[in-house]
Amino acid sequence: MNGIPTPSVDIQWASDAPDAPDESRLCDWVRHATQVAGGVVGDITLRIVDEDEIRTLNREYRDKDKPTNVLSFPFEMPEGLPEDAMEPLLGDIILCAPVVRREAAEQNKTLEAHWAHMVTHGVLHLLGYDHIDDEDAQIMEAMEIRALNEQGFADPYNIEPHNTTELHP
């Protein structure tokens, strides 16, 4: 893919999400987000879950007792193992299908556009980007906008009523 290293992607389905994108689209969005970030080699697991699972994870790891759209868990090498003991694992991205579906409707976005945004957002978090302060938020959001625009999706932060038109249908 353009000479930029991309990760392998493993998809885990822990939710009956009949309107979720297929695995090929999910993998494309993961790989494109990593390309925009400069490329990366390793393995990423993308897990599609329901509200109960993501609520438990959000409570356990972020002290927030509510479902959320996406969580990212960068891999941390266990202490005592040499750096080359395992294949490069980048981490896990957990996406909640019902929350993504609900937010897309609330934000007047197509479901596909919101899935693409949440996958991209999760990948960038996994790679160390965040939006805690304004400067970091501007960097991360610019990368998200670029990645989505290059794939034919509108700016996810420019939400207009009934804005369901993608740039390239």
# chains A, B, ... in the order shown; residues from 1 in each chain; ligands from 1

$ select_by_dssp --residues "stretch 23-119 of chain A" --states "helix (DSSP H, G or I)" --output "JSON, numbers by chain"
{"A": [23, 24, 25, 26, 27, 28, 29, 30, 31, 32, 33, 34, 35, 36, 51, 52, 53, 54, 55, 56, 57, 58, 59, 60, 61, 62, 97, 98, 99, 100, 101, 102, 103, 104, 105, 106, 111, 112, 113, 114, 115, 116, 117, 118, 119]}

$ closest_residue --among "A:Ile94, A:Val70, A:Ile4, A:Leu89" --to "A:Ala37" --atoms "only C-alpha atoms"
A:Ile4

$ select_by_dssp --residues "stretch 72-121 of chain A" --states "strand (DSSP E or B)" --output "PyMOL selection string"
chain A and resi 72-74+89-96

$ residues_around --residues "A:Phe75" --least-positions-apart "2" --cutoff "8 Å" --atoms "only C-alpha atoms" --output "ChimeraX atom specification"
/A:73,77,89-92

$ write_last_selection --atoms "N, CA, C and O atoms" --output "PDB file, in the first residue's frame"
ATOM      1  N   PHE A  73      -6.601   0.114  23.452  1.00  0.00           N
ATOM      2  CA  PHE A  73      -5.704  -0.444  24.455  1.00  0.00           C
ATOM      3  C   PHE A  73      -4.372  -0.799  23.800  1.00  0.00           C
ATOM      4  O   PHE A  73      -4.223  -1.885  23.249  1.00  0.00           O
ATOM      5  N   MET A  77       4.407  -4.608  26.602  1.00  0.00           N
ATOM      6  CA  MET A  77       5.215  -5.809  26.752  1.00  0.00           C
ATOM      7  C   MET A  77       5.330  -6.168  28.235  1.00  0.00           C
ATOM      8  O   MET A  77       5.648  -5.306  29.055  1.00  0.00           O
ATOM      9  N   LEU A  89       2.939  -6.499  18.551  1.00  0.00           N
ATOM     10  CA  LEU A  89       1.513  -6.336  18.805  1.00  0.00           C
ATOM     11  C   LEU A  89       1.266  -4.858  19.085  1.00  0.00           C
ATOM     12  O   LEU A  89       1.925  -4.274  19.945  1.00  0.00           O
ATOM     13  N   LEU A  90       0.368  -4.260  18.355  1.00  0.00           N
ATOM     14  CA  LEU A  90       0.082  -2.846  18.563  1.00  0.00           C
ATOM     15  C   LEU A  90      -0.999  -2.639  19.617  1.00  0.00           C
ATOM     16  O   LEU A  90      -0.955  -1.684  20.369  1.00  0.00           O
ATOM     17  N   GLY A  91      -1.988  -3.534  19.647  1.00  0.00           N
ATOM     18  CA  GLY A  91      -3.018  -3.423  20.665  1.00  0.00           C
ATOM     19  C   GLY A  91      -4.396  -3.732  20.146  1.00  0.00           C
ATOM     20  O   GLY A  91      -4.572  -4.263  19.046  1.00  0.00           O
ATOM     21  N   ASP A  92      -5.382  -3.373  20.965  1.00  0.00           N
ATOM     22  CA  ASP A  92      -6.786  -3.689  20.690  1.00  0.00           C
ATOM     23  C   ASP A  92      -7.613  -2.412  20.598  1.00  0.00           C
ATOM     24  O   ASP A  92      -7.402  -1.472  21.366  1.00  0.00           O
TER      25      ASP A  92
END

$ atom_distance --atom1 "atom CA of A:Val9" --atom2 "atom CA of A:Asp43"
5.9 Å

$ residues_around --residues "A:Leu127" --least-positions-apart "5" --cutoff "12 Å" --atoms "only C-alpha atoms" --output "PyMOL selection string"
chain A and resi 7+30+33-42+44+72-75+89-93+120-122+140

$ closest_residue --among "A:Glu141, A:Cys96, A:Leu26, A:Val123" --to "A:Thr56" --atoms "only C-alpha atoms"
A:Cys96

$ closest_residue --among "A:Lys109, A:Arg55, A:His125, A:His131" --to "A:Asn69" --atoms "only C-alpha atoms"
A:Arg55

$ atom_distance --atom1 "atom CA of A:Trp13" --atom2 "atom CA of A:Arg25"
14.4 Å

$ residues_around --residues "A:Val100" --least-positions-apart "2" --cutoff "8 Å" --atoms "only C-alpha atoms" --output "list in words"
Asn69, Leu95, Cys96, Ala97, Pro98, Arg102, Glu103, Ala104, Leu111, His114, Trp115 and Met118 of chain A

$ write_last_selection --atoms "all heavy atoms" --output "CSV table (one decimal), in the first residue's frame"
chain,number,residue,atom,x,y,z
A,69,ASN,N,-18.3,4.8,22.6
A,69,ASN,CA,-18.2,4.4,21.2
A,69,ASN,C,-17.0,3.6,20.9
A,69,ASN,O,-17.1,2.5,20.3
A,69,ASN,CB,-18.3,5.6,20.3
A,69,ASN,CG,-17.4,6.7,20.6
A,69,ASN,OD1,-16.4,6.6,21.3
A,69,ASN,ND2,-17.8,7.9,20.2
A,95,LEU,N,-15.0,-1.4,19.6
A,95,LEU,CA,-16.0,-0.6,19.1
A,95,LEU,C,-17.4,-1.1,19.5
A,95,LEU,O,-17.6,-2.3,19.4
A,95,LEU,CB,-15.9,-0.5,17.6
A,95,LEU,CG,-14.7,0.2,17.0
A,95,LEU,CD1,-14.2,-0.4,15.8
A,95,LEU,CD2,-15.2,1.6,16.8
A,96,CYS,N,-18.2,-0.2,20.0
A,96,CYS,CA,-19.5,-0.6,20.4
A,96,CYS,C,-20.6,-0.3,19.3
A,96,CYS,O,-20.9,0.8,19.1
A,96,CYS,CB,-19.9,0.1,21.7
A,96,CYS,SG,-21.5,-0.4,22.3
A,97,ALA,N,-21.1,-1.4,18.7
A,97,ALA,CA,-22.0,-1.3,17.6
A,97,ALA,C,-23.2,-0.5,17.9
A,97,ALA,O,-23.6,0.4,17.1
A,97,ALA,CB,-22.3,-2.6,17.0
A,98,PRO,N,-23.9,-0.7,19.0
A,98,PRO,CA,-25.1,0.1,19.3
A,98,PRO,C,-24.9,1.6,19.5
A,98,PRO,O,-25.6,2.4,19.1
A,98,PRO,CB,-25.7,-0.6,20.6
A,98,PRO,CG,-25.1,-2.0,20.6
A,98,PRO,CD,-23.8,-1.8,20.0
A,102,ARG,N,-26.3,4.6,17.3
A,102,ARG,CA,-27.1,5.7,17.9
A,102,ARG,C,-26.5,7.0,17.6
A,102,ARG,O,-27.2,8.0,17.3
A,102,ARG,CB,-27.2,5.4,19.4
A,102,ARG,CG,-28.1,6.4,20.1
A,102,ARG,CD,-28.3,6.1,21.6
A,102,ARG,NE,-27.1,5.8,22.4
A,102,ARG,CZ,-26.8,4.6,22.8
A,102,ARG,NH1,-27.5,3.5,22.6
A,102,ARG,NH2,-25.7,4.4,23.5
A,103,GLU,N,-25.2,7.1,17.7
A,103,GLU,CA,-24.5,8.4,17.5
A,103,GLU,C,-24.6,8.9,16.0
A,103,GLU,O,-24.8,10.0,15.7
A,103,GLU,CB,-23.0,8.3,17.8
A,103,GLU,CG,-22.7,8.3,19.3
A,103,GLU,CD,-21.2,8.1,19.6
A,103,GLU,OE1,-20.4,7.8,18.7
A,103,GLU,OE2,-20.9,8.3,20.8
A,104,ALA,N,-24.5,7.9,15.1
A,104,ALA,CA,-24.7,8.3,13.7
A,104,ALA,C,-26.1,8.9,13.4
A,104,ALA,O,-26.2,10.0,12.8
A,104,ALA,CB,-24.5,7.0,12.8
A,111,LEU,N,-24.3,5.8,8.6
A,111,LEU,CA,-23.7,4.8,9.5
A,111,LEU,C,-22.3,4.4,9.1
A,111,LEU,O,-21.4,4.4,9.9
A,111,LEU,CB,-24.6,3.6,9.6
A,111,LEU,CG,-24.2,2.5,10.7
A,111,LEU,CD1,-24.1,3.1,12.1
A,111,LEU,CD2,-25.3,1.4,10.7
A,114,HIS,N,-19.8,7.1,10.1
A,114,HIS,CA,-19.5,7.2,11.5
A,114,HIS,C,-18.6,6.0,11.9
A,114,HIS,O,-17.7,6.1,12.7
A,114,HIS,CB,-20.8,7.2,12.3
A,114,HIS,CG,-20.5,7.7,13.8
A,114,HIS,ND1,-19.7,8.8,14.1
A,114,HIS,CD2,-20.9,7.2,14.9
A,114,HIS,CE1,-19.7,8.9,15.4
A,114,HIS,NE2,-20.4,7.9,15.9
A,115,TRP,N,-18.9,4.8,11.3
A,115,TRP,CA,-18.0,3.7,11.6
A,115,TRP,C,-16.6,4.0,11.1
A,115,TRP,O,-15.6,3.7,11.9
A,115,TRP,CB,-18.5,2.4,10.8
A,115,TRP,CG,-19.5,1.6,11.6
A,115,TRP,CD1,-20.8,1.5,11.4
A,115,TRP,CD2,-19.2,0.6,12.6
A,115,TRP,NE1,-21.4,0.6,12.3
A,115,TRP,CE2,-20.4,0.1,13.0
A,115,TRP,CE3,-18.0,0.2,13.2
A,115,TRP,CZ2,-20.5,-0.9,14.0
A,115,TRP,CZ3,-18.1,-0.7,14.2
A,115,TRP,CH2,-19.3,-1.3,14.6
A,118,MET,N,-15.0,6.3,13.7
A,118,MET,CA,-14.7,5.7,15.0
A,118,MET,C,-13.5,4.7,14.8
A,118,MET,O,-12.7,4.6,15.8
A,118,MET,CB,-15.9,4.9,15.5
A,118,MET,CG,-17.0,5.9,16.0
A,118,MET,SD,-16.5,7.1,17.3
A,118,MET,CE,-16.1,8.5,16.4

$ residues_around --residues "A:Ile11" --least-positions-apart "6" --cutoff "7 Å" --atoms "only C-alpha atoms" --output "list of chain:residue names"
A:Glu23, A:Thr45, A:Leu46, A:Arg47
